[in-house]
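work.tsv (TSV, C-alpha atoms) appears below.
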```tsv
chain	number	residue	atom	x	y	z
A	115	MET	CA	-29.84	-15.94	39.34
A	116	VAL	CA	-26.14	-16.65	39.85
A	117	ARG	CA	-26.94	-20.06	41.37
A	118	THR	CA	-29.15	-20.92	38.37
A	119	VAL	CA	-26.36	-20.04	35.95
A	120	LEU	CA	-23.87	-22.15	37.92
A	121	ILE	CA	-26.21	-25.15	37.95
A	122	ALA	CA	-26.81	-24.79	34.21
A	123	ALA	CA	-23.07	-24.57	33.61
A	124	CYS	CA	-22.46	-27.73	35.67
A	125	VAL	CA	-25.19	-29.61	33.80
A	126	CYS	CA	-23.72	-28.46	30.48
A	127	ALA	CA	-20.23	-29.57	31.53
A	128	SER	CA	-21.58	-32.96	32.63
A	129	LEU	CA	-23.37	-33.45	29.33
A	130	GLN	CA	-20.19	-32.54	27.44
A	131	ALA	CA	-18.23	-35.08	29.49
A	132	LEU	CA	-20.80	-37.80	28.81
A	133	THR	CA	-20.76	-36.95	25.10
A	134	ALA	CA	-16.98	-37.13	25.02
A	135	GLN	CA	-17.10	-40.56	26.69
A	136	SER	CA	-19.72	-41.93	24.27
A	137	THR	CA	-18.18	-40.48	21.10
A	138	PRO	CA	-15.59	-42.74	19.42
A	139	ALA	CA	-12.06	-41.38	19.76
A	140	THR	CA	-11.32	-42.02	16.11
A	141	THR	CA	-13.04	-41.18	12.86
A	142	ALA	CA	-10.75	-42.82	10.32
A	143	GLY	CA	-8.26	-45.26	11.83
A	144	PRO	CA	-8.85	-48.28	14.08
A	145	ALA	CA	-9.51	-47.65	17.76
A	146	ASN	CA	-7.09	-50.47	18.57
A	147	GLY	CA	-4.31	-52.13	16.63
A	148	ALA	CA	-2.85	-50.93	13.35
A	149	VAL	CA	-3.56	-51.06	9.62
A	150	ILE	CA	-0.74	-51.05	7.06
A	151	LEU	CA	-1.24	-49.90	3.47
A	152	ALA	CA	1.68	-50.77	1.20
A	153	SER	CA	2.44	-51.14	-2.50
A	154	ALA	CA	5.23	-53.71	-2.25
A	155	PRO	CA	6.61	-56.05	0.45
A	156	THR	CA	9.91	-54.30	1.08
A	157	PRO	CA	12.04	-55.31	4.10
A	158	PRO	CA	11.36	-52.15	6.19
A	159	ILE	CA	7.60	-52.54	5.68
A	160	LEU	CA	7.54	-56.27	6.47
A	161	ASP	CA	9.75	-55.67	9.51
A	162	ARG	CA	7.30	-53.09	10.89
A	163	PHE	CA	4.38	-55.46	10.29
A	164	ILE	CA	6.13	-58.32	12.13
A	165	GLN	CA	7.08	-56.01	14.99
A	166	LEU	CA	3.46	-54.78	15.37
A	167	ALA	CA	2.22	-58.38	15.26
A	168	GLY	CA	4.37	-59.20	18.27
A	169	GLY	CA	7.70	-60.27	16.82
A	170	PRO	CA	9.05	-63.19	14.74
A	171	GLY	CA	7.24	-65.82	16.81
A	172	ALA	CA	3.81	-64.16	16.59
A	173	THR	CA	0.92	-66.02	14.99
A	174	ILE	CA	0.51	-64.52	11.52
A	175	VAL	CA	-2.08	-65.38	8.88
A	176	PHE	CA	-1.04	-64.88	5.27
A	177	VAL	CA	-3.85	-64.53	2.70
A	178	PRO	CA	-2.71	-65.11	-0.94
A	179	THR	CA	-6.22	-64.99	-2.43
A	180	ALA	CA	-5.73	-61.83	-4.52
A	181	THR	CA	-2.71	-63.37	-6.22
A	182	LEU	CA	-4.35	-66.64	-7.21
A	183	GLN	CA	-6.38	-67.27	-10.36
A	184	LYS	CA	-10.07	-68.02	-10.00
A	185	PRO	CA	-11.28	-71.07	-11.93
A	186	GLY	CA	-12.29	-69.89	-15.39
A	187	ALA	CA	-10.99	-66.35	-14.86
A	188	SER	CA	-8.62	-64.63	-17.22
A	189	LEU	CA	-4.99	-64.77	-16.21
A	190	VAL	CA	-3.44	-61.53	-14.98
A	191	TYR	CA	0.22	-60.84	-14.52
A	192	VAL	CA	1.13	-61.02	-10.87
A	193	PRO	CA	4.81	-60.79	-9.94
A	194	ALA	CA	6.01	-64.01	-8.35
A	195	GLY	CA	6.36	-63.36	-4.62
A	196	ARG	CA	8.60	-65.05	-2.12
A	197	GLU	CA	7.13	-67.69	0.11
A	198	ALA	CA	4.40	-66.30	2.38
A	199	GLY	CA	4.75	-62.85	0.87
A	200	GLY	CA	8.34	-62.46	2.04
A	201	LEU	CA	7.43	-62.78	5.71
A	202	LYS	CA	9.58	-65.89	6.24
A	203	ASP	CA	12.56	-64.13	4.70
A	204	ARG	CA	12.18	-61.43	7.37
A	205	GLY	CA	12.18	-63.93	10.23
A	206	ALA	CA	8.49	-64.77	10.83
A	207	THR	CA	8.30	-68.38	12.02
A	208	ASN	CA	4.63	-69.01	12.79
A	209	ILE	CA	2.69	-68.40	9.57
A	210	VAL	CA	-0.65	-69.94	8.60
A	211	VAL	CA	-1.76	-69.65	4.95
A	212	LEU	CA	-5.50	-69.03	4.59
A	213	HIS	CA	-7.31	-69.13	1.25
A	214	THR	CA	-10.61	-69.95	-0.40
A	215	PHE	CA	-12.68	-68.70	-3.31
A	216	GLU	CA	-15.85	-70.13	-1.74
A	217	ARG	CA	-17.82	-67.62	0.31
A	218	THR	CA	-19.69	-70.42	2.07
A	219	SER	CA	-16.37	-71.76	3.35
A	220	ALA	CA	-15.18	-68.29	4.35
A	221	ASP	CA	-18.30	-67.93	6.48
A	222	THR	CA	-17.64	-70.97	8.67
A	223	ASP	CA	-16.11	-71.09	12.13
A	224	SER	CA	-13.64	-73.78	11.12
A	225	PHE	CA	-12.21	-71.66	8.28
A	226	VAL	CA	-11.68	-68.55	10.40
A	227	GLU	CA	-10.20	-70.43	13.36
A	228	PRO	CA	-6.62	-69.33	12.49
A	229	LEU	CA	-7.77	-65.70	12.43
A	230	LYS	CA	-9.12	-66.03	15.97
A	231	ARG	CA	-5.60	-66.86	17.18
A	232	ALA	CA	-3.70	-64.39	14.99
A	233	SER	CA	-2.07	-61.16	16.05
A	234	GLY	CA	-1.22	-60.24	12.47
A	235	VAL	CA	-2.85	-60.73	9.06
A	236	TRP	CA	-1.05	-59.98	5.78
A	237	LEU	CA	-2.90	-59.85	2.43
A	238	ALA	CA	-1.00	-60.38	-0.82
A	239	GLY	CA	-1.50	-58.23	-3.92
A	240	GLY	CA	-3.23	-59.12	-7.17
A	241	ARG	CA	-6.95	-58.71	-7.86
A	242	PRO	CA	-8.99	-56.75	-5.27
A	243	GLU	CA	-12.17	-58.49	-6.45
A	244	ASN	CA	-10.77	-61.87	-5.46
A	245	LEU	CA	-10.64	-60.72	-1.85
A	246	LEU	CA	-13.99	-58.92	-1.91
A	247	ASP	CA	-15.86	-61.70	-3.70
A	248	SER	CA	-14.50	-64.29	-1.29
A	249	TYR	CA	-14.50	-62.53	2.07
A	250	ALA	CA	-16.55	-59.30	2.19
A	251	GLY	CA	-19.47	-59.66	4.56
A	252	THR	CA	-18.32	-63.05	5.85
A	253	LYS	CA	-16.84	-64.18	9.13
A	254	VAL	CA	-13.41	-63.48	7.66
A	255	GLU	CA	-14.18	-59.76	7.59
A	256	THR	CA	-15.51	-59.97	11.15
A	257	GLU	CA	-12.35	-61.67	12.36
A	258	LEU	CA	-10.13	-59.07	10.67
A	259	ARG	CA	-11.88	-56.48	12.83
A	260	ASN	CA	-11.38	-58.70	15.88
A	261	VAL	CA	-7.64	-58.92	15.20
A	262	LEU	CA	-7.53	-55.12	15.41
A	263	ALA	CA	-9.76	-55.07	18.50
A	264	ARG	CA	-7.19	-57.32	20.23
A	265	GLY	CA	-4.47	-54.81	19.38
A	266	GLY	CA	-3.09	-56.72	16.40
A	267	VAL	CA	-2.20	-55.57	12.91
A	268	VAL	CA	-3.84	-56.08	9.51
A	269	GLY	CA	-1.90	-55.07	6.42
A	270	GLY	CA	-1.33	-55.81	2.79
A	271	VAL	CA	0.30	-54.82	-0.45
A	272	SER	CA	-1.37	-53.41	-3.56
A	273	ALA	CA	-4.81	-55.10	-3.85
A	274	GLY	CA	-4.34	-56.48	-0.34
A	275	ALA	CA	-4.09	-52.91	0.93
A	276	MET	CA	-6.76	-51.42	-1.32
A	277	VAL	CA	-9.51	-53.58	0.22
A	278	LEU	CA	-8.75	-52.39	3.77
A	279	GLY	CA	-10.17	-48.91	3.17
A	280	SER	CA	-13.82	-47.95	2.81
A	281	GLU	CA	-14.05	-48.14	-1.00
A	282	THR	CA	-11.96	-49.54	-3.82
A	283	VAL	CA	-12.25	-50.74	-7.42
A	284	ASN	CA	-11.89	-53.97	-9.37
A	285	SER	CA	-8.63	-54.61	-11.20
A	286	GLU	CA	-10.28	-54.13	-14.61
A	287	LEU	CA	-12.71	-51.61	-16.08
A	288	GLY	CA	-16.36	-52.57	-16.40
A	289	ALA	CA	-18.32	-53.01	-19.63
A	290	ASP	CA	-18.88	-49.24	-19.75
A	291	ARG	CA	-15.09	-48.70	-19.61
A	292	GLN	CA	-15.40	-47.15	-16.17
A	293	TRP	CA	-13.91	-48.29	-12.88
A	294	VAL	CA	-16.18	-50.65	-10.92
A	295	VAL	CA	-16.34	-48.99	-7.51
A	296	ARG	CA	-16.99	-51.35	-4.62
A	297	LYS	CA	-17.45	-51.21	-0.89
A	298	ALA	CA	-14.27	-52.49	0.75
A	299	PHE	CA	-13.69	-54.10	4.16
A	300	GLY	CA	-13.91	-50.72	5.87
A	301	LEU	CA	-11.15	-51.24	8.44
A	302	LEU	CA	-10.43	-47.58	7.74
A	303	ARG	CA	-13.32	-45.15	7.47
A	304	ALA	CA	-13.65	-42.69	4.56
A	305	VAL	CA	-10.25	-43.77	3.20
A	306	ALA	CA	-9.19	-45.01	-0.24
A	307	PHE	CA	-5.70	-46.24	-1.07
A	308	GLN	CA	-3.99	-46.05	-4.45
A	309	PRO	CA	-0.83	-48.20	-4.70
A	310	HIS	CA	2.20	-47.96	-7.01
A	311	ALA	CA	2.10	-44.16	-7.18
A	312	GLN	CA	5.51	-43.77	-8.79
A	313	ASN	CA	4.23	-40.69	-10.65
A	314	PRO	CA	1.43	-39.43	-8.40
A	315	ARG	CA	-1.80	-39.00	-10.30
A	316	LEU	CA	-5.30	-39.82	-9.08
A	317	ASP	CA	-7.25	-42.63	-10.68
A	318	THR	CA	-10.30	-41.17	-12.43
A	319	TRP	CA	-12.79	-42.68	-9.98
A	320	LEU	CA	-11.19	-40.69	-7.15
A	321	LEU	CA	-11.00	-37.30	-8.86
A	322	LYS	CA	-14.22	-35.96	-7.33
A	323	ARG	CA	-14.14	-37.98	-4.11
A	324	SER	CA	-13.00	-35.31	-1.68
A	325	ASP	CA	-15.21	-37.05	0.89
A	326	LEU	CA	-12.47	-39.68	1.10
A	327	ALA	CA	-8.96	-39.34	2.42
A	328	ARG	CA	-7.19	-40.32	-0.80
A	329	LEU	CA	-3.89	-41.90	0.17
A	330	ALA	CA	-1.15	-43.30	-2.06
A	331	SER	CA	2.38	-44.67	-1.85
A	332	ASP	CA	5.13	-45.57	-4.23
A	333	ASN	CA	6.64	-49.05	-4.10
A	334	ALA	CA	9.08	-48.22	-1.31
A	335	ALA	CA	6.77	-46.59	1.25
A	336	ALA	CA	3.73	-47.54	3.30
A	337	TRP	CA	1.15	-46.06	5.66
A	338	VAL	CA	1.00	-47.41	9.23
A	339	ILE	CA	-2.26	-46.20	10.73
A	340	GLN	CA	-2.99	-46.38	14.46
A	341	LYS	CA	-6.08	-44.58	15.71
A	342	ASP	CA	-6.11	-41.45	13.53
A	343	VAL	CA	-2.36	-41.00	13.29
A	344	ALA	CA	-0.65	-42.31	10.16
A	345	GLU	CA	3.11	-42.80	10.06
A	346	ILE	CA	5.05	-43.28	6.84
A	347	VAL	CA	7.61	-46.12	6.83
A	348	GLY	CA	10.09	-47.15	4.17
A	349	ASP	CA	12.50	-45.38	1.87
A	350	GLY	CA	10.00	-44.00	-0.64
A	351	LYS	CA	7.23	-41.42	-0.74
A	352	SER	CA	3.57	-41.38	0.21
A	353	TYR	CA	0.92	-38.91	-0.86
A	354	VAL	CA	-2.35	-37.36	0.27
A	355	PHE	CA	-4.31	-36.05	-2.71
A	356	THR	CA	-6.10	-32.71	-2.37
A	357	ASP	CA	-8.56	-30.71	-4.48
A	358	SER	CA	-6.21	-27.74	-4.67
A	359	ALA	CA	-2.50	-27.10	-4.78
A	360	GLY	CA	-0.58	-28.18	-1.70
A	361	PRO	CA	2.51	-26.54	-0.16
A	362	ASP	CA	4.68	-27.54	-3.12
A	363	GLY	CA	2.18	-26.33	-5.71
A	364	MET	CA	0.94	-29.83	-6.60
A	365	PRO	CA	-2.53	-31.29	-5.87
A	366	PHE	CA	-1.13	-33.55	-3.20
A	367	ILE	CA	0.95	-33.52	-0.03
A	368	THR	CA	4.18	-35.51	-0.13
A	369	LEU	CA	5.29	-37.46	2.94
A	370	ARG	CA	8.47	-39.46	3.60
A	371	GLY	CA	9.64	-42.02	6.11
A	372	GLY	CA	9.05	-40.85	9.67
A	373	ASP	CA	6.47	-38.23	8.71
A	374	ARG	CA	3.09	-38.35	10.44
A	375	TYR	CA	-0.35	-37.33	9.20
A	376	ASP	CA	-3.59	-36.73	11.12
A	377	LEU	CA	-6.36	-38.52	9.22
A	378	ALA	CA	-9.13	-37.06	11.36
A	379	ARG	CA	-8.16	-33.45	10.81
A	380	ARG	CA	-6.58	-34.06	7.39
```
Please, can you express the file's structure as C-alpha cells?
Amino acid sequence: MVRTVLIAACVCASLQALTAQSTPATTAGPANGAVILASAPTPPILDRFIQLAGGPGATIVFVPTATLQKPGASLVYVPAGREAGGLKDRGATNIVVLHTFERTSADTDSFVEPLKRASGVWLAGGRPENLLDSYAGTKVETELRNVLARGGVVGGVSAGAMVLGSETVNSELGADRQWVVRKAFGLLRAVAFQPHAQNPRLDTWLLKRSDLARLASDNAAAWVIQKDVAEIVGDGKSYVFTDSAGPDGMPFITLRGGDRYDLARR
C-alpha cells in the first residue's frame, strides 16, 4: 500500500513538472524582449527604449504611420514631432523609417526586411486605426513579434502604444457615438492602454472591462513590460484601473518611476 502511494506521488510530481515545462511562463507580457507603453516621447523614456534596443548604434525601425494623413481622410491635429520621433535627438544613429497605407505592401517580404534586422521598433502617435488598417494581420505584425522573440523591444507613444495591447479603439467615435473597439496587435495579452491620463478617468469603453489589465500613464511616464513584470519609467505617474477603491480610496492604483507591477497576478 505504501509503495503504491509512493509510485502515485512520483507520477503526480512528474506530471506536474511536465505541465510546468509546457505551460508558458507569462500570461500578459512577452516571453522575450520588452514592450514600452508611453504617452509622449520624453528623454527618459526614449533613453530606456534605445538602451533596451542595444544602444545608440542599434538598428531601430521608426513607424510614423499613425501620425500621417490617409488620402481623403479628415485632418486631425497631431503635434509636430522631432525627426524620427525624437530618437535622433537622444543619440540613435541607425534608424530606418518604415511606412505604408497599403496592406498589400505591408504583407510583402521586401517591405518587412528592415524589421527582420531590427532590435527595436518605435511607433509614433496619432490615429490608432492608421496602424491597424495598414498592418494588423500582415507580415508587419508577425515581424513585430519576431523582434520580441529575438530579445528586442517594441514601443510607442499614444496611438503607437495603444495598438500594442490586446484591444483598443479608433481615434473617433462611430456613427452610433460609441467607441469603435478593435482587436489590436496583441503583443500584450488581456491588456489595454489609455494614454495622456493627466486626470485619471477610464474611457467609457473600458468601464466594464475588468477582464483586461487597464493601464494608463500621464505624459511623463511609461510602462516597460518584460515577461509579466512592468516597471514604470519617467518623472510622471502611471495607473492601473480597478473596479473598486484602491489603497488611496480611488478606483485605480498609482505608480511612479521605479515602481514595479505584476501583470499576471495584478
**Prompt:** From the list A:Thr173, A:Thr179, A:Gln340, A:Gln165, which residue is nearest Leu151 of chain A when using only C-alpha atoms?
**Reply:**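 Nearest to Leu151 of chain A: A:Gln340.
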**Complete:** Expressed in Å, the length from atom CA of Gly205 of chain A to atom CA of Glu227 of chain A is 23.5 Å
**Message:** Applying 7 Å and all atoms listed in the file, which residues near segment 304-311 of chain A remain after dropping the ones on its own chain fewer than 2 positions away? List them as a ChimeraX atom specification.
**Reply:** /A:142,152-153,272,276,279-282,302,313-314,325-333
**Message:** Which residue is closest to Leu262 of chain A? Choose from A:Asp290, A:Thr222, A:Val149, A:Asp317 and count only C-alpha atoms.
**Reply:** A:Val149
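The gap separating atom CA of Ile150 of chain A from atom CA of Arg315 of chain A is 21.2 Å, in Å to one decimal.
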**Point-to-point distance in Å for atom CA of Thr356 of chain A and atom CA of Asn146 of chain A** = 27.5 Å
**Proximity to Leu201 of chain A - best of A:Arg231, A:Ser224, A:Ala167, A:His213, only C-alpha atoms** =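 Looking at the shortest contact to Leu201 of chain A, the residue is A:Ala167.
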N, CA and C atoms are what I want for segment 235-260 of chain A; can you complete it accordingly and write them as a PDB file, keeping the file's coordinate frame?
```pdb
ATOM      1  N   VAL A 235      -2.320 -60.174  10.313  1.00  0.00           N
ATOM      2  CA  VAL A 235      -2.850 -60.730   9.060  1.00  0.00           C
ATOM      3  C   VAL A 235      -2.245 -59.919   7.914  1.00  0.00           C
ATOM      4  N   TRP A 236      -1.698 -60.626   6.921  1.00  0.00           N
ATOM      5  CA  TRP A 236      -1.050 -59.980   5.780  1.00  0.00           C
ATOM      6  C   TRP A 236      -1.697 -60.469   4.504  1.00  0.00           C
ATOM      7  N   LEU A 237      -2.191 -59.520   3.660  1.00  0.00           N
ATOM      8  CA  LEU A 237      -2.900 -59.850   2.430  1.00  0.00           C
ATOM      9  C   LEU A 237      -2.008 -59.551   1.222  1.00  0.00           C
ATOM     10  N   ALA A 238      -1.836 -60.551   0.369  1.00  0.00           N
ATOM     11  CA  ALA A 238      -1.000 -60.380  -0.820  1.00  0.00           C
ATOM     12  C   ALA A 238      -1.713 -59.518  -1.856  1.00  0.00           C
ATOM     13  N   GLY A 239      -0.947 -59.039  -2.838  1.00  0.00           N
ATOM     14  CA  GLY A 239      -1.500 -58.230  -3.920  1.00  0.00           C
ATOM     15  C   GLY A 239      -2.007 -59.082  -5.068  1.00  0.00           C
ATOM     16  N   GLY A 240      -2.659 -58.430  -6.012  1.00  0.00           N
ATOM     17  CA  GLY A 240      -3.230 -59.120  -7.170  1.00  0.00           C
ATOM     18  C   GLY A 240      -4.537 -58.474  -7.590  1.00  0.00           C
ATOM     19  N   ARG A 241      -5.630 -59.205  -7.492  1.00  0.00           N
ATOM     20  CA  ARG A 241      -6.950 -58.710  -7.860  1.00  0.00           C
ATOM     21  C   ARG A 241      -7.757 -58.356  -6.602  1.00  0.00           C
ATOM     22  N   PRO A 242      -8.163 -57.093  -6.427  1.00  0.00           N
ATOM     23  CA  PRO A 242      -8.990 -56.750  -5.270  1.00  0.00           C
ATOM     24  C   PRO A 242     -10.298 -57.542  -5.240  1.00  0.00           C
ATOM     25  N   GLU A 243     -10.879 -57.797  -6.419  1.00  0.00           N
ATOM     26  CA  GLU A 243     -12.170 -58.490  -6.450  1.00  0.00           C
ATOM     27  C   GLU A 243     -12.083 -59.913  -5.931  1.00  0.00           C
ATOM     28  N   ASN A 244     -10.913 -60.536  -6.039  1.00  0.00           N
ATOM     29  CA  ASN A 244     -10.770 -61.870  -5.460  1.00  0.00           C
ATOM     30  C   ASN A 244     -11.023 -61.850  -3.964  1.00  0.00           C
ATOM     31  N   LEU A 245     -10.466 -60.847  -3.296  1.00  0.00           N
ATOM     32  CA  LEU A 245     -10.640 -60.720  -1.850  1.00  0.00           C
ATOM     33  C   LEU A 245     -12.072 -60.332  -1.489  1.00  0.00           C
ATOM     34  N   LEU A 246     -12.638 -59.374  -2.220  1.00  0.00           N
ATOM     35  CA  LEU A 246     -13.990 -58.920  -1.910  1.00  0.00           C
ATOM     36  C   LEU A 246     -15.026 -59.988  -2.205  1.00  0.00           C
ATOM     37  N   ASP A 247     -14.900 -60.660  -3.345  1.00  0.00           N
ATOM     38  CA  ASP A 247     -15.860 -61.700  -3.700  1.00  0.00           C
ATOM     39  C   ASP A 247     -15.823 -62.857  -2.706  1.00  0.00           C
ATOM     40  N   SER A 248     -14.648 -63.137  -2.175  1.00  0.00           N
ATOM     41  CA  SER A 248     -14.500 -64.290  -1.290  1.00  0.00           C
ATOM     42  C   SER A 248     -14.829 -63.965   0.170  1.00  0.00           C
ATOM     43  N   TYR A 249     -14.492 -62.773   0.626  1.00  0.00           N
ATOM     44  CA  TYR A 249     -14.500 -62.530   2.070  1.00  0.00           C
ATOM     45  C   TYR A 249     -15.386 -61.392   2.560  1.00  0.00           C
ATOM     46  N   ALA A 250     -15.757 -60.440   1.709  1.00  0.00           N
ATOM     47  CA  ALA A 250     -16.550 -59.300   2.190  1.00  0.00           C
ATOM     48  C   ALA A 250     -17.879 -59.774   2.757  1.00  0.00           C
ATOM     49  N   GLY A 251     -18.212 -59.306   3.938  1.00  0.00           N
ATOM     50  CA  GLY A 251     -19.470 -59.660   4.560  1.00  0.00           C
ATOM     51  C   GLY A 251     -19.511 -61.031   5.201  1.00  0.00           C
ATOM     52  N   THR A 252     -18.374 -61.722   5.230  1.00  0.00           N
ATOM     53  CA  THR A 252     -18.320 -63.050   5.850  1.00  0.00           C
ATOM     54  C   THR A 252     -17.653 -62.967   7.217  1.00  0.00           C
ATOM     55  N   LYS A 253     -17.501 -64.133   7.838  1.00  0.00           N
ATOM     56  CA  LYS A 253     -16.840 -64.180   9.130  1.00  0.00           C
ATOM     57  C   LYS A 253     -15.369 -63.806   9.030  1.00  0.00           C
ATOM     58  N   VAL A 254     -14.793 -63.915   7.840  1.00  0.00           N
ATOM     59  CA  VAL A 254     -13.410 -63.480   7.660  1.00  0.00           C
ATOM     60  C   VAL A 254     -13.299 -61.984   7.934  1.00  0.00           C
ATOM     61  N   GLU A 255     -14.207 -61.202   7.355  1.00  0.00           N
ATOM     62  CA  GLU A 255     -14.180 -59.760   7.590  1.00  0.00           C
ATOM     63  C   GLU A 255     -14.380 -59.455   9.070  1.00  0.00           C
ATOM     64  N   THR A 256     -15.286 -60.172   9.711  1.00  0.00           N
ATOM     65  CA  THR A 256     -15.510 -59.970  11.150  1.00  0.00           C
ATOM     66  C   THR A 256     -14.252 -60.241  11.948  1.00  0.00           C
ATOM     67  N   GLU A 257     -13.545 -61.313  11.601  1.00  0.00           N
ATOM     68  CA  GLU A 257     -12.350 -61.670  12.360  1.00  0.00           C
ATOM     69  C   GLU A 257     -11.187 -60.713  12.094  1.00  0.00           C
ATOM     70  N   LEU A 258     -11.142 -60.101  10.913  1.00  0.00           N
ATOM     71  CA  LEU A 258     -10.130 -59.070  10.670  1.00  0.00           C
ATOM     72  C   LEU A 258     -10.334 -57.914  11.653  1.00  0.00           C
ATOM     73  N   ARG A 259     -11.579 -57.551  11.867  1.00  0.00           N
ATOM     74  CA  ARG A 259     -11.880 -56.480  12.830  1.00  0.00           C
ATOM     75  C   ARG A 259     -11.495 -56.921  14.248  1.00  0.00           C
ATOM     76  N   ASN A 260     -11.712 -58.193  14.545  1.00  0.00           N
ATOM     77  CA  ASN A 260     -11.380 -58.700  15.880  1.00  0.00           C
ATOM     78  C   ASN A 260      -9.869 -58.714  16.113  1.00  0.00           C
TER      79      ASN A 260
END
```
